>>> print(open('my_file_25.txt').read())   # compact mmCIF, C-alpha atoms and all ligand atoms
# COMPACT_ATOMS: atom_id res chain seq x y z
CA MET A 273 28.19 22.84 13.37
CA LYS A 274 30.19 23.55 16.56
CA LYS A 275 28.73 27.01 16.66
CA LYS A 276 25.23 25.62 16.26
CA ILE A 277 25.70 23.12 19.12
CA LEU A 278 27.12 25.86 21.32
CA THR A 279 24.10 28.03 20.56
CA LEU A 280 21.78 25.20 21.45
CA LEU A 281 23.66 24.53 24.69
CA LEU A 282 23.48 28.18 25.63
CA ALA A 283 19.79 28.14 24.91
CA GLY A 284 19.43 25.05 27.07
CA ALA A 285 17.63 23.37 24.22
CA LEU A 286 19.90 20.41 23.56
CA SER A 287 17.89 17.23 23.98
CA PRO A 288 19.53 14.16 25.58
CA ALA A 289 19.13 12.26 22.30
CA LEU A 290 21.80 14.46 20.73
CA PHE A 291 24.50 13.25 23.15
CA THR A 292 25.61 10.30 21.05
CA GLY A 293 28.40 9.58 23.56
CA CYS A 294 25.90 8.58 26.24
CA GLY A 295 25.26 5.23 24.58
CA ASN A 296 21.56 5.82 24.80
CA LYS A 297 20.28 6.29 21.27
CA PRO A 298 16.60 5.51 21.25
CA SER A 299 16.27 5.48 17.48
CA GLU A 300 19.00 2.90 16.88
CA ASN A 301 16.87 -0.23 16.91
CA THR A 302 13.71 1.43 15.64
CA VAL A 303 12.34 0.96 12.14
CA LYS A 304 9.98 3.74 11.02
CA ILE A 305 7.31 2.45 8.68
CA ALA A 306 4.65 4.60 7.03
CA TYR A 307 1.16 3.25 6.40
CA LEU A 308 -2.43 4.20 5.62
CA PRO A 309 -5.24 2.77 7.78
CA ILE A 310 -6.43 0.25 5.17
CA THR A 311 -6.67 -3.55 5.21
CA HIS A 312 -3.97 -3.61 2.51
CA SER A 313 -1.37 -2.69 5.14
CA LEU A 314 -2.43 -5.24 7.77
CA ALA A 315 0.70 -7.41 7.36
CA VAL A 316 2.94 -4.58 8.56
CA LEU A 317 0.56 -3.75 11.43
CA GLU A 318 0.50 -7.41 12.48
CA GLU A 319 4.27 -7.64 12.24
CA ALA A 320 4.77 -4.64 14.49
CA GLU A 321 3.18 -6.66 17.28
CA GLU A 322 5.60 -9.59 16.91
CA LEU A 323 8.99 -8.24 15.88
CA GLU A 324 9.97 -6.48 19.08
CA LYS A 325 9.22 -9.61 21.11
CA GLU A 326 11.37 -11.80 18.84
CA ASN A 327 14.30 -9.62 17.76
CA GLY A 328 14.26 -6.52 19.94
CA ILE A 329 13.62 -4.41 16.84
CA LYS A 330 10.94 -1.84 17.49
CA ILE A 331 8.67 -0.81 14.64
CA GLU A 332 7.45 2.76 14.84
CA LEU A 333 4.29 2.88 12.75
CA VAL A 334 3.72 6.29 11.18
CA LYS A 335 0.12 6.77 10.08
CA PHE A 336 -0.78 9.00 7.13
CA GLY A 337 -4.14 10.22 5.81
CA SER A 338 -3.33 10.20 2.09
CA TRP A 339 -0.91 8.67 -0.41
CA PRO A 340 0.75 12.02 -1.38
CA GLU A 341 1.61 12.73 2.29
CA LEU A 342 2.94 9.21 2.82
CA LEU A 343 4.97 9.39 -0.37
CA ASP A 344 6.51 12.70 0.65
CA ALA A 345 7.76 11.13 3.89
CA LEU A 346 9.16 8.12 2.00
CA ASN A 347 10.81 10.17 -0.75
CA THR A 348 12.49 12.54 1.70
CA GLY A 349 13.81 9.77 3.97
CA LYS A 350 11.67 10.68 6.98
CA VAL A 351 10.76 7.00 7.28
CA ASP A 352 12.75 3.79 6.65
CA GLY A 353 9.98 2.23 4.59
CA ALA A 354 6.29 2.08 3.79
CA SER A 355 3.39 -0.06 2.75
CA VAL A 356 2.43 1.80 -0.41
CA LEU A 357 0.72 1.50 -3.80
CA ILE A 358 3.49 -0.11 -5.84
CA GLU A 359 2.96 2.13 -8.88
CA LEU A 360 3.62 5.23 -6.74
CA ALA A 361 6.84 3.63 -5.48
CA MET A 362 7.83 2.68 -9.05
CA LYS A 363 7.35 6.29 -10.10
CA SER A 364 9.53 7.52 -7.21
CA LYS A 365 12.23 5.00 -8.15
CA GLN A 366 12.01 6.15 -11.76
CA GLU A 367 12.54 9.72 -10.56
CA GLY A 368 15.71 8.74 -8.71
CA VAL A 369 14.52 8.06 -5.14
CA GLY A 370 16.61 5.30 -3.51
CA ILE A 371 14.02 2.70 -2.56
CA LYS A 372 13.39 -0.99 -3.17
CA ALA A 373 10.29 -3.17 -3.05
CA VAL A 374 10.99 -6.13 -0.77
CA ALA A 375 7.56 -7.82 -0.54
CA LEU A 376 3.93 -7.54 -1.56
CA GLY A 377 1.50 -5.75 0.73
CA HIS A 378 -1.18 -8.35 0.11
CA ARG A 379 -2.54 -10.62 -2.61
CA ASP A 380 -5.83 -10.00 -4.49
CA GLY A 381 -8.13 -7.88 -2.28
CA ASN A 382 -9.56 -5.31 -4.70
CA VAL A 383 -13.05 -5.04 -6.20
CA VAL A 384 -14.71 -2.92 -8.86
CA ILE A 385 -17.80 -1.37 -7.25
CA VAL A 386 -20.64 0.00 -9.39
CA SER A 387 -24.05 1.49 -8.71
CA ASN A 388 -26.94 -0.98 -8.56
CA ASP A 389 -28.25 -0.06 -12.03
CA ILE A 390 -25.02 -1.06 -13.78
CA ASN A 391 -24.98 -4.71 -14.82
CA SER A 392 -22.12 -5.00 -17.28
CA PRO A 393 -18.88 -3.16 -18.08
CA ALA A 394 -20.52 -1.77 -21.26
CA ASP A 395 -23.07 0.02 -19.02
CA LEU A 396 -20.19 2.25 -17.80
CA LYS A 397 -20.15 4.19 -21.11
CA GLY A 398 -20.48 7.92 -20.39
CA LYS A 399 -20.42 7.34 -16.61
CA THR A 400 -18.11 8.74 -13.93
CA PHE A 401 -15.69 6.37 -12.20
CA ALA A 402 -13.39 7.17 -9.26
CA ILE A 403 -9.87 5.92 -8.56
CA PRO A 404 -7.57 7.03 -5.72
CA HIS A 405 -4.62 7.97 -7.93
CA ARG A 406 -3.60 7.60 -11.55
CA GLN A 407 -0.56 5.64 -10.35
CA SER A 408 -2.45 2.69 -8.89
CA SER A 409 -3.53 -0.85 -9.65
CA HIS A 410 -7.07 0.50 -9.25
CA ASN A 411 -6.49 2.46 -12.45
CA ILE A 412 -5.25 -0.74 -14.13
CA LEU A 413 -8.29 -2.68 -12.88
CA LEU A 414 -10.57 0.04 -14.27
CA ASN A 415 -8.86 -0.28 -17.67
CA GLU A 416 -9.26 -4.09 -17.55
CA THR A 417 -12.96 -3.70 -16.67
CA LEU A 418 -13.59 -1.31 -19.55
CA ALA A 419 -11.74 -3.60 -22.00
CA LYS A 420 -14.20 -6.38 -21.12
CA GLY A 421 -17.02 -4.11 -22.32
CA GLY A 422 -15.18 -2.98 -25.45
CA LEU A 423 -14.55 0.45 -23.89
CA SER A 424 -11.52 2.50 -22.86
CA VAL A 425 -10.98 5.39 -20.43
CA ASP A 426 -11.84 7.75 -23.32
CA ASP A 427 -15.47 6.51 -23.12
CA ILE A 428 -15.97 7.47 -19.44
CA ASN A 429 -15.11 10.25 -16.98
CA VAL A 430 -12.31 9.21 -14.64
CA THR A 431 -11.95 11.19 -11.44
CA GLU A 432 -9.45 11.00 -8.57
CA LEU A 433 -11.11 10.99 -5.15
CA ALA A 434 -9.93 10.37 -1.58
CA PRO A 435 -10.76 6.73 -0.67
CA THR A 436 -12.89 7.73 2.31
CA GLU A 437 -15.16 9.84 0.07
CA MET A 438 -15.93 7.14 -2.48
CA PRO A 439 -18.75 5.16 -0.78
CA SER A 440 -20.75 8.33 -0.05
CA ALA A 441 -20.06 9.75 -3.54
CA LEU A 442 -21.53 6.53 -4.99
CA ALA A 443 -24.53 6.66 -2.64
CA SER A 444 -25.28 10.27 -3.65
CA GLY A 445 -24.94 9.56 -7.39
CA GLN A 446 -21.92 11.85 -7.77
CA ILE A 447 -20.03 8.87 -9.22
CA ASP A 448 -21.24 5.61 -10.83
CA GLY A 449 -18.45 3.35 -9.68
CA TYR A 450 -15.05 3.15 -8.02
CA CYS A 451 -12.07 0.94 -7.35
CA VAL A 452 -9.86 1.62 -4.31
CA ALA A 453 -7.97 0.02 -1.42
CA GLU A 454 -10.08 -1.79 1.14
CA PRO A 455 -12.23 -1.64 3.17
CA PHE A 456 -13.82 1.20 1.15
CA GLY A 457 -15.19 -1.16 -1.51
CA ALA A 458 -16.79 -3.27 1.22
CA MET A 459 -18.30 -0.11 2.73
CA GLY A 460 -20.15 0.54 -0.54
CA VAL A 461 -21.52 -3.01 -0.46
CA ALA A 462 -22.39 -3.01 3.26
CA THR A 463 -24.41 0.21 2.88
CA ASN A 464 -26.13 -1.04 -0.34
CA ALA A 465 -24.76 1.98 -2.23
CA GLY A 466 -23.46 -0.41 -4.87
CA LYS A 467 -22.33 -3.92 -5.73
CA VAL A 468 -19.27 -5.82 -6.89
CA LEU A 469 -18.95 -5.93 -10.69
CA TYR A 470 -15.60 -7.76 -10.63
CA SER A 471 -13.10 -8.92 -8.06
CA SER A 472 -9.45 -8.30 -8.95
CA GLU A 473 -8.66 -11.96 -9.68
CA GLU A 474 -11.38 -12.05 -12.35
CA LEU A 475 -9.61 -9.22 -14.16
CA TRP A 476 -5.92 -9.84 -13.41
CA GLU A 477 -4.60 -13.11 -12.03
CA ASP A 478 -1.91 -12.66 -9.33
CA SER A 479 -2.39 -8.90 -9.42
CA ILE A 480 0.06 -6.67 -7.58
CA CYS A 481 -1.33 -3.66 -5.67
CA CYS A 482 0.60 -2.55 -2.57
CA GLY A 483 4.24 -3.24 -1.87
CA LEU A 484 6.43 -3.11 1.21
CA VAL A 485 9.17 -0.67 0.25
CA LEU A 486 12.41 0.11 2.14
CA THR A 487 14.88 2.93 1.59
CA ASP A 488 18.30 2.03 0.18
CA SER A 489 19.97 3.73 3.14
CA PHE A 490 18.11 1.47 5.61
CA ILE A 491 18.89 -1.64 3.50
CA GLU A 492 22.60 -0.71 3.26
CA ASN A 493 23.31 0.83 6.68
CA ARG A 494 21.26 -1.60 8.75
CA SER A 495 21.39 -4.75 6.66
CA ASP A 496 20.83 -7.16 9.59
CA ASP A 497 17.77 -5.23 10.79
CA ALA A 498 16.44 -5.06 7.22
CA LYS A 499 16.80 -8.83 6.84
CA SER A 500 15.09 -9.55 10.19
CA PHE A 501 12.38 -7.04 9.38
CA VAL A 502 11.50 -8.51 5.97
CA GLU A 503 11.68 -12.12 7.19
CA SER A 504 9.43 -11.29 10.10
CA TYR A 505 7.05 -9.36 7.82
CA LYS A 506 6.59 -12.34 5.49
CA LYS A 507 6.05 -14.62 8.49
CA ALA A 508 3.40 -12.23 9.84
CA GLY A 509 1.67 -12.36 6.47
CA ASN A 510 1.63 -16.16 6.48
CA ASN A 511 0.07 -16.12 9.97
CA LEU A 512 -2.56 -13.55 9.07
CA ASP A 513 -5.73 -15.61 8.79
CA LYS A 514 -9.15 -13.94 8.59
CA GLU A 515 -9.65 -13.91 12.36
CA THR A 516 -6.23 -12.39 13.12
CA ALA A 517 -6.65 -9.90 10.28
CA LYS A 518 -9.99 -8.77 11.67
CA ALA A 519 -8.62 -8.37 15.21
CA THR A 520 -5.63 -6.36 13.93
CA ALA A 521 -7.86 -4.19 11.72
CA LYS A 522 -10.19 -3.43 14.62
CA LYS A 523 -7.23 -2.43 16.74
CA TYR A 524 -5.75 0.04 14.25
CA PHE A 525 -8.81 1.54 12.57
CA LYS A 526 -12.47 1.88 13.33
CA GLN A 527 -14.60 -0.19 10.99
CA ASN A 528 -17.67 -2.14 11.88
CA ASP A 529 -17.75 -5.94 11.75
CA ASP A 530 -20.01 -6.10 8.66
CA VAL A 531 -17.57 -4.09 6.55
CA LEU A 532 -14.52 -6.08 7.70
CA ASP A 533 -16.28 -9.45 7.24
CA ILE A 534 -17.12 -8.55 3.63
CA SER A 535 -13.74 -7.00 2.87
CA LEU A 536 -11.52 -9.71 4.35
CA GLN A 537 -13.13 -12.39 2.16
CA TRP A 538 -11.38 -10.85 -0.84
CA ILE A 539 -7.79 -10.59 0.39
CA SER A 540 -4.90 -12.84 1.48
CA TYR A 541 -1.47 -12.17 2.95
CA ASN A 542 0.44 -15.44 2.51
CA ASN A 543 3.40 -15.85 0.09
CA LEU A 544 4.26 -12.17 -0.12
CA ASP A 545 7.36 -12.62 -2.33
CA ILE A 546 7.39 -10.45 -5.45
CA THR A 547 8.18 -12.85 -8.29
CA GLU A 548 9.77 -11.69 -11.54
CA GLU A 549 6.84 -13.10 -13.53
CA THR A 550 4.13 -11.19 -11.63
CA TYR A 551 6.21 -7.99 -11.56
CA ASN A 552 6.82 -8.16 -15.32
CA ALA A 553 3.08 -8.61 -15.90
CA LEU A 554 2.53 -5.43 -13.83
CA VAL A 555 5.17 -3.56 -15.87
CA GLU A 556 3.39 -4.50 -19.11
CA LYS A 557 0.06 -3.18 -17.79
CA VAL A 558 1.66 0.03 -16.47
CA LYS A 559 3.01 0.66 -20.00
CA ALA A 560 -0.12 -0.50 -21.86
CA TYR A 561 -2.49 1.74 -19.88
CA GLY A 562 -0.21 4.80 -19.95
CA LEU A 563 0.73 4.99 -16.24
CA SER A 564 4.41 5.16 -17.19
CA ASP A 565 6.53 4.68 -20.32
CA ASN A 566 9.63 3.67 -18.45
CA PRO A 567 8.88 1.77 -15.19
CA PRO A 568 11.89 0.35 -13.29
CA ALA A 569 13.06 -3.15 -14.18
CA TYR A 570 12.71 -6.01 -11.68
CA SER A 571 16.51 -6.21 -11.24
CA GLU A 572 16.82 -2.56 -10.20
CA PHE A 573 13.66 -2.17 -8.10
CA VAL A 574 12.79 -5.50 -6.47
CA LYS A 575 14.95 -7.05 -3.76
CA ASN A 576 13.80 -10.62 -3.31
CA ASP A 577 16.76 -12.31 -1.59
CA TYR A 578 15.79 -12.06 2.08
ZN ZN B 601 -3.22 -2.67 -2.06
>>> encode(input="my_file_25.txt", output="structure tokens")
Amino acid sequence: MKKKILTLLLAGALSPALFTGCGNKPSENTVKIAYLPITHSLAVLEEAEELEKENGIKIELVKFGSWPELLDALNTGKVDGASVLIELAMKSKQEGVGIKAVALGHRDGNVVIVSNDINSPADLKGKTFAIPHRQSSHNILLNETLAKGGLSVDDINVTELAPTEMPSALASGQIDGYCVAEPFGAMGVATNAGKVLYSSEELWEDSICCGLVLTDSFIENRSDDAKSFVESYKKAGNNLDKETAKATAKKYFKQNDDVLDISLQWISYNNLDITEETYNALVEKVKAYGLSDNPPAYSEFVKNDY
């Protein structure tokens, strides 16, 4: 290590941040949170605005373009936490990554979108349906939809597509339906490419989709910051009415008013605690629909005491 520092000094490449003795460590009060530009992560975007003013904790928002990229950053400790599909986080936990779910990302807020000629779940037989990832509540909602029509995933073609591609794939007839994080469902409706067959609450009451996840090292090494962060996050969720949500969404990602007005009708951000009852219902569905045989138990994965 000494040799390496010496080499860096000789090369003149040592940045001021490496001089820990200077008392100026810019990363010390910063929390790095990964997110995707979707309405499902609005609570963390809204919180970022407030937390620094109140507690002096700065949130560094790290934007990703896809779930695999975000997950890689979370799993390798490049960020302190993330707003992420909870099933992906459960899978990471199952594989030994030190993370905990500390709150929901949102409540409700998903829709099953189908082409205009599909009028019932039974009409999906033999059709192609897109989900963002096998490890997602969108996969569970697809299974619930099919069950209503007496079908299973064996009766249709399931394909994984990037969320941004789904509305145009539906419009071109490449797929017959999709379920994905918002506002991509609303985009399909706003452009008349398709319509809502079910909203998530019609299929699964108190559904869980995204979670706010923190790394164990952040929770353990910076316990006061973690507590302030989660408390402030839940408060931001409670304050996130439709108007504030729309303003925050417009600030962080480009979507037109029509799409946001449709999408934000379906979602809420208050009471973001993860209860044992709703988590256990998720675990049962994850097992029943083959997402995982051995998802983590509430006691080992959810931290609900902030
Ligand atoms: Zn979500």
>>> residues_near_ligand(input="my_file_25.txt", ligand="ligand ZN 601 (chain B)", cutoff="10 Å", atoms="all atoms listed in the file", output="list in words")
Ile310, Thr311, His312, Ser313, Ser355, Val356, Leu357, Ile358, Leu376, Gly377, His378, Arg379, Asp380, Gly381, Asn382, Ser408, Ser409, His410, Val452, Ala453, Glu454, Ser479, Ile480, Cys481, Cys482, Gly483 and Ile539 of chain A
>>> residues_around(input="my_file_25.txt", residues="Asp352 (chain A)", least_positions_apart="6", cutoff="10 Å", atoms="all atoms listed in the file", output="ChimeraX atom specification")
/A:302-306,332,345-346,371,485-491,498
>>> write_last_selection(input="my_file_25.txt", atoms="C-alpha atoms", output="compact mmCIF listing (two decimals), keeping the file's coordinate frame")
# COMPACT_ATOMS: atom_id res chain seq x y z
CA THR A 302 13.71 1.43 15.64
CA VAL A 303 12.34 0.96 12.14
CA LYS A 304 9.98 3.74 11.02
CA ILE A 305 7.31 2.45 8.68
CA ALA A 306 4.65 4.60 7.03
CA GLU A 332 7.45 2.76 14.84
CA ALA A 345 7.76 11.13 3.89
CA LEU A 346 9.16 8.12 2.00
CA ILE A 371 14.02 2.70 -2.56
CA VAL A 485 9.17 -0.67 0.25
CA LEU A 486 12.41 0.11 2.14
CA THR A 487 14.88 2.93 1.59
CA ASP A 488 18.30 2.03 0.18
CA SER A 489 19.97 3.73 3.14
CA PHE A 490 18.11 1.47 5.61
CA ILE A 491 18.89 -1.64 3.50
CA ALA A 498 16.44 -5.06 7.22
>>> residues_around(input="my_file_25.txt", residues="region 414-418 of chain A", least_positions_apart="2", cutoff="12 Å", atoms="only C-alpha atoms", output="NGL selection string")
:A and (382-386 or 392-406 or 408-412 or 420-431 or 449-452 or 468-477 or 479 or 557-558 or 560-563)
>>> atom_distance(input="my_file_25.txt", atom1="CA of Thr348 (chain A)", atom2="CA of Val502 (chain A)")
21.5 Å
>>> closest_residue(input="my_file_25.txt", among="A:Tyr541, A:Phe501, A:Phe573, A:Tyr307", to="Phe525 (chain A)", atoms="all atoms listed in the file")
A:Tyr307
>>> atom_distance(input="my_file_25.txt", atom1="CA of Gln366 (chain A)", atom2="CA of Pro567 (chain A)")
6.4 Å
>>> residues_around(input="my_file_25.txt", residues="Ser364 (chain A)", least_positions_apart="6", cutoff="9 Å", atoms="all atoms listed in the file", output="mmCIF file with C-alpha atoms, in the frame of the given file")
data_model
loop_
_atom_site.group_PDB
_atom_site.id
_atom_site.type_symbol
_atom_site.label_atom_id
_atom_site.label_comp_id
_atom_site.auth_asym_id
_atom_site.auth_seq_id
_atom_site.Cartn_x
_atom_site.Cartn_y
_atom_site.Cartn_z
ATOM 1 C CA LEU A 343 4.970 9.390 -0.370
ATOM 2 C CA ASN A 347 10.810 10.170 -0.750
ATOM 3 C CA GLY A 370 16.610 5.300 -3.510
ATOM 4 C CA ILE A 371 14.020 2.700 -2.560
#
>>> atom_distance(input="my_file_25.txt", atom1="CA of Gly466 (chain A)", atom2="CA of Leu442 (chain A)")
7.2 Å
>>> residues_around(input="my_file_25.txt", residues="Tyr578 (chain A)", least_positions_apart="5", cutoff="10 Å", atoms="all atoms listed in the file", output="ChimeraX atom specification")
/A:374-375,498-503,506,545
>>> closest_residue(input="my_file_25.txt", among="A:Asp497, A:Asp389, A:Asp529, A:Asp344", to="Ile331 (chain A)", atoms="only C-alpha atoms")
A:Asp497
>>> closest_residue(input="my_file_25.txt", among="A:Thr547, A:Asn542, A:Ser387, A:Ser495", to="Asn464 (chain A)", atoms="all atoms listed in the file")
A:Ser387
>>> decode(input="my_file_25.txt", residues="region 386-397 of chain A", atoms="N, CA, C and O atoms", output="tab-separated table (two decimals), in the first residue's frame")
chain	number	residue	atom	x	y	z
A	386	VAL	N	-52.97	-4.42	-22.73
A	386	VAL	CA	-53.16	-5.37	-23.85
A	386	VAL	C	-53.56	-4.60	-25.11
A	386	VAL	O	-54.02	-3.46	-25.03
A	387	SER	N	-53.40	-5.25	-26.25
A	387	SER	CA	-53.80	-4.62	-27.51
A	387	SER	C	-55.33	-4.46	-27.52
A	387	SER	O	-56.04	-5.15	-26.79
A	388	ASN	N	-55.81	-3.56	-28.38
A	388	ASN	CA	-57.22	-3.18	-28.33
A	388	ASN	C	-58.18	-4.32	-28.71
A	388	ASN	O	-59.37	-4.24	-28.38
A	389	ASP	N	-57.67	-5.38	-29.36
A	389	ASP	CA	-58.56	-6.48	-29.73
A	389	ASP	C	-58.64	-7.57	-28.66
A	389	ASP	O	-59.33	-8.57	-28.83
A	390	ILE	N	-57.97	-7.37	-27.54
A	390	ILE	CA	-58.05	-8.36	-26.45
A	390	ILE	C	-59.01	-7.84	-25.39
A	390	ILE	O	-58.84	-6.73	-24.88
A	391	ASN	N	-60.03	-8.64	-25.08
A	391	ASN	CA	-61.08	-8.17	-24.16
A	391	ASN	C	-61.19	-8.96	-22.87
A	391	ASN	O	-61.91	-8.56	-21.96
A	392	SER	N	-60.49	-10.07	-22.80
A	392	SER	CA	-60.52	-10.87	-21.56
A	392	SER	C	-59.19	-11.59	-21.43
A	392	SER	O	-58.46	-11.75	-22.43
A	393	PRO	N	-58.86	-12.06	-20.21
A	393	PRO	CA	-57.58	-12.77	-20.05
A	393	PRO	C	-57.52	-14.02	-20.92
A	393	PRO	O	-56.43	-14.38	-21.40
A	394	ALA	N	-58.66	-14.67	-21.17
A	394	ALA	CA	-58.66	-15.89	-22.01
A	394	ALA	C	-58.22	-15.59	-23.44
A	394	ALA	O	-57.65	-16.44	-24.12
A	395	ASP	N	-58.45	-14.32	-23.89
A	395	ASP	CA	-58.01	-13.93	-25.25
A	395	ASP	C	-56.48	-13.94	-25.40
A	395	ASP	O	-55.97	-13.82	-26.52
A	396	LEU	N	-55.75	-14.02	-24.28
A	396	LEU	CA	-54.28	-14.00	-24.36
A	396	LEU	C	-53.70	-15.34	-24.81
A	396	LEU	O	-52.49	-15.43	-25.09
A	397	LYS	N	-54.53	-16.37	-24.91
A	397	LYS	CA	-54.03	-17.71	-25.31
A	397	LYS	C	-53.27	-17.63	-26.65
A	397	LYS	O	-53.77	-17.10	-27.63
